[in-house]
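One structure below.
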Amino acid sequence: MAGIVYLVGAGPGDPGLLTLRGAELLRRADVVVYDHLAFPGLLDMVRPDARIIYVGKEGADHTLSQEAINDLLVREGAAGNSVVRLKGGDPYIFGRGGEEALRLAERGVAFEVVPGVSSTCAAAAYAGIPLTHRDLSSQAVLITGHERPDREDSAHSWKALAAIGTLVAVMGRERLPEICRALLEAGKDPATPAALVEWGTTDRQRTAAATLSDLPSLADSLGIRPPALFVCGKVVGLRERLAWFERRPLWGRTVSVTRTRSQAGRLSAALRELGARVEERPVIRIEEIDPNPELDRALAGLSRFAWVAFTSPNGAGIFMRALFARGLDARALAGARIAVIGPGTAEALRPWGLVPDLVPRSFVAEGLLEAFRGAEPGPLLLARARKARDVLPEGLASLGFAVELCPLYETGHPSPDPAWDPASSDLTTITSASCAEGLAALVPEGDRARVRTASIGPVASSRARELGFTVAVESPAASIPALVGAMEAYFRAGPAPGGA
């Protein structure tokens, strides 16, 4: 089969700015060749069996030369692979995509270009700077900041550039003093507003805004480093009113999310939406029980149960995958009513065509037990972790239910990461009692009081306190939206950033 190389613009950093076409190709790719500036989270879309090749370039530090990258793309495409060349921003705007496309064309390898959102407009927009404005600037010119302005053979006419309404220089940090000096010498007003946007559209974004004459010294004092976008013109003066990205309620806060990788997405996304810098640090490893005779016995006799209860999304997923792996489907549960511990578990069942009959108001074992009061007792299958509290099975038995336990998984703990200090985060989430225990396995007892935690409810809080952690935030309900809301309220109250 003939191969093809897709030159895909990954956008400027915010993964939400990847195009739909780019996402579709990433999911289908046999090989992904990616850059330093392509957001790493995008690689989560790639098939597990695909090959991922890093060819990043940071300043003078090149993993591969451009010639070697061109040859790599030709080789992989000629071998019959579907190759995605994932490039930061847009492939054809200072991305050297034109060079790669020419090499592919010369060698007869099929290719397609998928434009990306360029940092030139995106970083400025996220900093509150429109590049054009009817009353302030009807022109915007884009240049590279890598060229030395004092070169006699410079491609730039600084006198002409100084007369432009808005000047944008990508990669504008390293030559910033020379660029500003060249504009001033060409007649640009020293009081012209100018800005430097570092890591635009990401949670690392910082913006230095000053006059053209003062910007280099301000950038130095703030320690602004590449990659950074330079913008000069009256439109920069709108930033004070139009900046939005850096004014979100959790901006500048670092939150460590300790859920498993498969569960972290929803919580992480909600926190990022509010501006937080999220570090995903799983403290629990889910280990499916295999072989599992209890599960085999339960699936072979599902018709005898009046109720099936799930106490976690993990358990619900494992149970349903096992059910379908045996050639069965949701009809096998037609004779039973379904109970879940909360909306997260209910959501995990939805893709399998199941809507629970019973969801408690309080999303803990005690809440589920209370919800069962008044229900008609009968045989009940309780699908859960092997190690769990006895509140639910003992309480259900006291209500007249014949409870059969079906352990589906065990929880383990990953190896400690010496680079991670939870106390350096503004908050570390604890979404269950076992999560608190997993965090304790990674943090020495004497250091736990320094770790400020955000707990999903009283059960998790109680266990966290028993283990010596500081519970700074407790969610009023055991749900992700309630936890995020409690964290937002905590930060609005004004604790200083930077952890304990």
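Chain labels A, B, ... are given in the sequence in which chains occur in the structure tokens; within each chain residues are numbered consecutively from 1, and ligands are likewise numbered from 1 in the order shown.
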
Report as JSON lines the residues of segment 308-396 of chain A within 10 Å of segment 451-470 of chain A, each with its shortest atom pair and distance in Å (one decimal), using only C-alpha atoms, ordered by chain and increasing residue number.
```
{"residue": "A:Ser362", "atom": "CA", "partner": "A:Gly457", "partner_atom": "CA", "distance": 9.6}
{"residue": "A:Phe363", "atom": "CA", "partner": "A:Gly457", "partner_atom": "CA", "distance": 8.8}
{"residue": "A:Val364", "atom": "CA", "partner": "A:Val459", "partner_atom": "CA", "distance": 7.8}
{"residue": "A:Ala365", "atom": "CA", "partner": "A:Val459", "partner_atom": "CA", "distance": 9.4}
{"residue": "A:Glu366", "atom": "CA", "partner": "A:Val459", "partner_atom": "CA", "distance": 9.8}
```

Next, dump the selected residues to file, keeping only N, CA and C atoms, as a short mmCIF file (atom, residue, chain, number, x, y, z; two decimals), in the first residue's frame.
```
data_model
loop_
_atom_site.label_atom_id
_atom_site.label_comp_id
_atom_site.auth_asym_id
_atom_site.auth_seq_id
_atom_site.Cartn_x
_atom_site.Cartn_y
_atom_site.Cartn_z
N SER A 362 -25.91 11.23 48.10
CA SER A 362 -24.56 11.39 48.64
C SER A 362 -23.71 10.27 48.06
N PHE A 363 -22.59 10.65 47.37
CA PHE A 363 -21.86 9.70 46.55
C PHE A 363 -20.77 8.97 47.33
N VAL A 364 -21.14 8.32 48.43
CA VAL A 364 -20.24 7.49 49.22
C VAL A 364 -21.01 6.24 49.59
N ALA A 365 -20.31 5.27 50.18
CA ALA A 365 -20.95 4.00 50.52
C ALA A 365 -22.17 4.20 51.41
N GLU A 366 -22.05 5.11 52.39
CA GLU A 366 -23.18 5.37 53.28
C GLU A 366 -24.38 5.93 52.52
#
```

Problem - Near-Leu302 of chain A list (10 Å; only C-alpha atoms; drop same-chain fewer than 6 positions) as JSON, numbers by chain - result: {"A": [308, 332, 333, 334, 335, 336, 381]}

Practice task
Extract, using only C-alpha atoms, all DNA, RNA and protein residues at most 8 Å from Thr132 of chain A, discarding same-chain residues fewer than 6 positions from it, and format them as a list of chain:residue names.
Solution key: A:Ser138, A:Gln139, A:Ala140, A:Thr166, A:Val235

Exercise for the section: Run DSSP on the backbone and give me the residues of segment 288-450 of chain A it puts in helix (DSSP H, G or I), as a VMD selection string. Expected result: chain A and resid 293 to 300 302 to 304 313 to 325 330 to 333 343 to 352 365 to 372 391 to 398 422 to 424 433 to 442 445 to 450

Exercise for the section: For Ser217 of chain A, work out the shell of residues within 10 Å, counting only C-alpha atoms and skipping chain neighbours fewer than 6 positions away, then give it as a ChimeraX atom specification. Expected result: /A:176-177,210,223

Practice task
Would you mind listing what lies within 12 Å of Leu242 of chain A as a PyMOL selection string, with only C-alpha atoms counted and same-chain residues fewer than 4 positions away left out?
Solution key: chain A and resi 124-130+235-238+246-247
